[in-house]
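Structure first, then comments.
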Amino acid sequence: MDRLKGIALIVSGAVLWGATGPMMEWMLLHSEMSVSFMLTVRLLLAGSFLLAMLKMQGKRITLPWRQKVWARQLLLFGVFGMLGVQYTFAASINTSNAVIATLFQFLAPIFIIIFVTASQKTWPPIVQVLGMFVTLVGLLLLLTDGSFAGFAMSKVAVFWGLALGFAFSFYTLYPVRLMQEWGGLLSIGWGMIIGGITLFVLNPLTVVTHLDYLADWTIAGMLLLVIIVGTVAFILFMSSMKYISPVEVSILSSFEPLTAMVISVIWFGQVLGMWQLTGAIIMLIGVTWLSVAGSRAKT
């Protein structure tokens, strides 16, 4: 029963998270709202909600700041982890679309393997190498749509997509100790607050001048929906890890791009080319392969 509960939680979370991409794409298409403004509002409101929820549960949310080692880790996670992955995801959507951006984040396992290989100075198992190869073949088809005369998307879109994969790998690896010590929700809550404040400090005029967009109820409503759906998706994701293995979580997360793809087809009429769709499927197979291979390597 617990395993079924975990599967239901991760599938629900993945579907909701996959839906946020097209929502963000819609906002960027139907307004001149900047990525910086959208993310500043999203991170600050979502982070405040998580911390307020923990406070109501009796958690001492300021404890991590009383020790320099944890405060420093929170700052690094907030700026380079949380803000890094959120900004590259939104920029990838802005320069390509929600489906492509969601698929690019699945490159994270390759960056993780490269980092672990470099830090441990050992070659990865052949099974993982094959999984990386399969994933990269899928990426190549996604980028070229089967025509090797050039990319099927702009170089800027490719840059932000690769940056997203790298940022997501840092977001996954770096806060492990932080979350073990203080819990996932508290770490993420503070990470969102730090990321939002950092983005505001870097773009104060942009944020202030774009406040007018909140007067448009359709834009404001969609932004609020993104915040609510994304926050609920994360809570479901974190809750699922109590009941099922990381491998199952990783595999079932493939519902994210599938959801983004279905919504984009229905909402925007966006359809990947035949070879791009083939590449997307191959990428998901490669990521699943990497997840299973990584689990076996640890046992």
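Following the order of the structure tokens, first chain is A, next is B, and so on, with residues numbered from 1 inside each chain and ligands from 1 in the order they appear.
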| said: Could you go through range 176-248 of chain A and tell me which residues DSSP, when run on the backbone, assigns to alpha helix (DSSP H), listing them as JSON, numbers by chain? | reply: {"A": [176, 177, 178, 179, 180, 181, 182, 184, 185, 186, 187, 188, 189, 190, 191, 192, 193, 194, 195, 196, 197, 198, 199, 200, 201, 202, 204, 205, 206, 207, 208, 209, 217, 218, 219, 220, 221, 222, 223, 224, 225, 226, 227, 228, 229, 230, 231, 232, 233, 234, 235, 236, 237, 238, 239, 240, 246, 247, 248]}
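Considering the residues A:Leu252, A:Ala167, A:Val99, A:Val287 and counting only C-alpha atoms, Val265 in chain A has its shortest atom-to-atom contact with A:Val99.
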| Which of A:Ser12, A:Lys242, A:Phe170, A:Ser31 sits closest to His210 in chain A [using only C-alpha atoms] | A:Ser31
Residue contacts of Tyr87 in chain A (8 Å, only C-alpha atoms) excluding same-chain residues fewer than 5 positions away, as a PDB file with C-alpha atoms, in the first residue's frame:
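What ended up in result_39.pdb:
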ATOM      1  CA  VAL A  35      11.990  36.117 -16.828  1.00  0.00           C
ATOM      2  CA  SER A  36      13.550  37.994 -13.886  1.00  0.00           C
ATOM      3  CA  LEU A  39      10.881  34.276 -11.124  1.00  0.00           C
TER       4      LEU A  39
END
| One-decimal distance in Å that lies between CA of Phe77 in chain A and CA of Val129 in chain A | 28.7 Å
